[in-house]
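Data first, discussion second: the structure below is written as structure tokens.
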Number of protein chains: 2
Amino acid sequence: MTALARLILNLKGLPGIGEKSAQRIARCILRLDSDDAFALTEAIVQARTLTRTCKRCGNLTEDEVCSVCADSARMQNEICVVQEAFDIAVIERAGVYKGLYHVLGGALSPLEDISADELNIAGLLERVRAGNIKEVILATSATTEGETTALYVAAQLKGSGVRVSRIARGIPVGADLGLTDEVTIGKAIRGREILEGGEQG
Amino acid sequence: MTALARLILNLKGLPGIGEKSAQRIARCILRLDSDDAFALTEAIVQARTLTRTCKRCGNLTEDEVCSVCADSARMQNEICVVQEAFDIAVIERAGVYKGLYHVLGGALSPLEDISADELNIAGLLERVRAGNIKEVILATSATTEGETTALYVAAQLKGSGVRVSRIARGIPVGADLGLTDEVTIGKAIRGREILEGGEQG
């Protein structure tokens, strides 16, 4: 096997990267100048060495506690529950949420054999039990696994006295209604907002 | 900047990899076990060190001459002209072409300021002039740049006595006709094949 074939094979070993992506990335890597190539391998090693998970919420950090948890200006009584640490960056970019996070580390999946024990639900319950939490926002994905997980976590929080909410499912901004699947349209209609100017129901 | 942010930045530096892909790949890299991570960085270094271009056709190889050029069983009188060395692997996978290749190293592009001097057209003309070539198949992309390059190379080969052909443009196999653009449909209709059983024109 050539070194190039081995590189493509290694790239394909990354989950979610298929043959075509691996080839495209390998092609890019071959074209890098030496400095950039060194910077890339260095960055891989450094990121893996320095990155760890926040002991409070599971976010990615280089310290004991992540920048969100360490920020006393954030609302300390709201927890947004996400499947993966990377989801936090996505929500932060939207810039509308100012509370804390909690990373489950996945979603319930009978198919992939991921049960509730493997998710950090106990940690969430503990944080809620410790008091001071007013609302838990379930921001798991709008997939079967994400929905199941949201329902499961909501059930676990029953009786805890906190408000439990689920992010809205609907037509993605910029999407063509005609190309949207009927389940999403159903969710979008049931979750519709009343607009000002109309009758306020 | 965190080491993770730096890794994402380095990945985004690879042409064709945007913010989302970079994040997805970084996430995969963080999840690798140590052996796989080491294998990946090792593979990057090795592929860059060992891979070079075939001095005859420009294909990627670890030797002076690539495996296609070194294979005397291949048709020595056909040259398939491609933009990039990686295109050769794509054509080889189709398994229908048994001749030689020639890599131009890009396509003519006024926008990206790539002129004919930067493509290995001289090398192709030399190979054709050296004799023994019966057909040159122009397998550049079906983009404006690819088409322009094919026309340009064809013009350069005029009077050389070799047959010059262009790969067919048409509906991709598996594609929905209703979702195919009209330029492709135009090409597909003009390039139609007569089927057996019908009148043979």
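Chain lettering (A, B, ...) mirrors the order of the structure tokens, residue numbering begins at 1 for each chain separately, and ligand numbering begins at 1 in order of display.
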**Residue list for chain B near chain A as a PyMOL selection string, 9 Å, only C-alpha atoms** = chain B and resi 2-8+10-11+13-17+23-32+34+36-51+60-62+86
Requested write-out: C-alpha atoms of the selected residues, as a PDB file, in the first residue's frame:
```
ATOM      1  CA  THR B   2      -7.413  27.028  22.533  1.00  0.00           C
ATOM      2  CA  ALA B   3      -5.570  24.107  20.941  1.00  0.00           C
ATOM      3  CA  LEU B   4      -8.928  22.878  19.645  1.00  0.00           C
ATOM      4  CA  ALA B   5      -9.698  26.226  18.011  1.00  0.00           C
ATOM      5  CA  ARG B   6      -6.245  26.125  16.433  1.00  0.00           C
ATOM      6  CA  LEU B   7      -6.897  22.608  15.077  1.00  0.00           C
ATOM      7  CA  ILE B   8     -10.203  23.753  13.566  1.00  0.00           C
ATOM      8  CA  ASN B  10      -5.724  24.493  10.551  1.00  0.00           C
ATOM      9  CA  LEU B  11      -8.353  22.166   9.111  1.00  0.00           C
ATOM     10  CA  GLY B  13      -6.950  26.108   5.969  1.00  0.00           C
ATOM     11  CA  LEU B  14      -7.330  23.041   3.743  1.00  0.00           C
ATOM     12  CA  PRO B  15      -8.990  24.168   0.505  1.00  0.00           C
ATOM     13  CA  GLY B  16     -12.568  22.988   0.246  1.00  0.00           C
ATOM     14  CA  ILE B  17     -13.023  22.485   3.989  1.00  0.00           C
ATOM     15  CA  GLN B  23     -15.503  21.150  13.316  1.00  0.00           C
ATOM     16  CA  ARG B  24     -16.768  17.713  12.403  1.00  0.00           C
ATOM     17  CA  ILE B  25     -13.257  16.460  11.586  1.00  0.00           C
ATOM     18  CA  ALA B  26     -11.811  18.037  14.757  1.00  0.00           C
ATOM     19  CA  ARG B  27     -14.491  16.304  16.795  1.00  0.00           C
ATOM     20  CA  CYS B  28     -13.575  12.974  15.177  1.00  0.00           C
ATOM     21  CA  ILE B  29      -9.877  13.582  15.836  1.00  0.00           C
ATOM     22  CA  LEU B  30     -10.475  14.293  19.517  1.00  0.00           C
ATOM     23  CA  ARG B  31     -12.342  11.012  19.814  1.00  0.00           C
ATOM     24  CA  LEU B  32      -9.652   8.845  18.238  1.00  0.00           C
ATOM     25  CA  SER B  34      -4.018   7.300  20.811  1.00  0.00           C
ATOM     26  CA  ASP B  36      -5.240   5.862  15.645  1.00  0.00           C
ATOM     27  CA  ALA B  37      -4.266   9.485  16.270  1.00  0.00           C
ATOM     28  CA  PHE B  38      -0.585   8.600  15.983  1.00  0.00           C
ATOM     29  CA  ALA B  39      -1.295   6.586  12.812  1.00  0.00           C
ATOM     30  CA  LEU B  40      -3.085   9.607  11.339  1.00  0.00           C
ATOM     31  CA  THR B  41      -0.300  12.134  11.950  1.00  0.00           C
ATOM     32  CA  GLU B  42       2.260   9.525  10.825  1.00  0.00           C
ATOM     33  CA  ALA B  43       0.251   8.913   7.637  1.00  0.00           C
ATOM     34  CA  ILE B  44       0.159  12.660   6.899  1.00  0.00           C
ATOM     35  CA  VAL B  45       3.933  12.947   7.225  1.00  0.00           C
ATOM     36  CA  GLN B  46       4.611   9.743   5.267  1.00  0.00           C
ATOM     37  CA  ALA B  47       2.225  10.543   2.425  1.00  0.00           C
ATOM     38  CA  ARG B  48       3.787  13.971   2.039  1.00  0.00           C
ATOM     39  CA  THR B  49       7.317  12.593   2.161  1.00  0.00           C
ATOM     40  CA  LEU B  50       6.900   9.621  -0.160  1.00  0.00           C
ATOM     41  CA  THR B  51       4.363  10.755  -2.732  1.00  0.00           C
ATOM     42  CA  LEU B  60       0.817  10.291  -8.095  1.00  0.00           C
ATOM     43  CA  THR B  61       3.412   7.630  -7.355  1.00  0.00           C
ATOM     44  CA  GLU B  62       6.206   6.683  -4.984  1.00  0.00           C
ATOM     45  CA  PHE B  86      -6.739  12.314  -8.266  1.00  0.00           C
TER      46      PHE B  86
END
```
**Message:** Show me, as a ChimeraX atom specification, the residues that have an atom within 10 Å of Arg56 of chain B when counting only C-alpha atoms, minus same-chain residues fewer than 5 positions from it.
**Reply:** /B:64-66,69-70,100-103,123-124,127
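Across the model, the gap from atom CA of Ile167 of chain B to atom CA of Gly95 of chain B is 14.9 Å.
The shortest atom-to-atom distance to Gln76 of chain A, with only C-alpha atoms taken into account, belongs to A:Glu135 out of A:Glu135, A:Glu147, A:Asp35, A:Asp113.
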**Request:** Please identify all polymer residues within 12 Å of segment 176-178 of chain A, counting only C-alpha atoms, omitting same-chain residues fewer than 6 positions from it, and present them as number ranges by chain.
**Result:** A: 170, 184-186, 188-189
**Prompt:** Can you list, as a ChimeraX atom specification, every residue of segment 65-175 of chain A that DSSP puts in helix (DSSP H, G or I)?
**Reply:** /A:85-94,116-118,121-129,144-157
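Residues of segment 49-183 of chain A assigned to strand (DSSP E or B) by DSSP on this structure's backbone: Arg52, Thr53, Leu60, Thr61, Glu78, Ile79, Cys80, Val81, Val82, Leu100, Tyr101, His102, Val103, Ser109, Ile114, Glu135, Val136, Ile137, Leu138, Arg163, Val164, Ser165 and Arg166 of chain A.
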**Request:** Choose the residue, out of A:Gln156, A:Ser165, A:Thr149, A:Ser72, that has the smallest atom-to-atom separation from Lys134 of chain A; count only C-alpha atoms.
**Result:** A:Ser165
**Item:** Pick from B:Ile137, B:Ala168, B:Gly58, B:Arg192, whichever lies nearest to Glu78 of chain B using only C-alpha atoms
**Value:** B:Ile137
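One finds atom CA of Val136 of chain A at 12.4 Å from atom CA of Ile121 of chain A.
The shortest atom-to-atom distance to Val162 of chain A, with only C-alpha atoms taken into account, belongs to A:Ala130 out of A:Ala175, A:Ala107, A:Ala130, A:Ala22.
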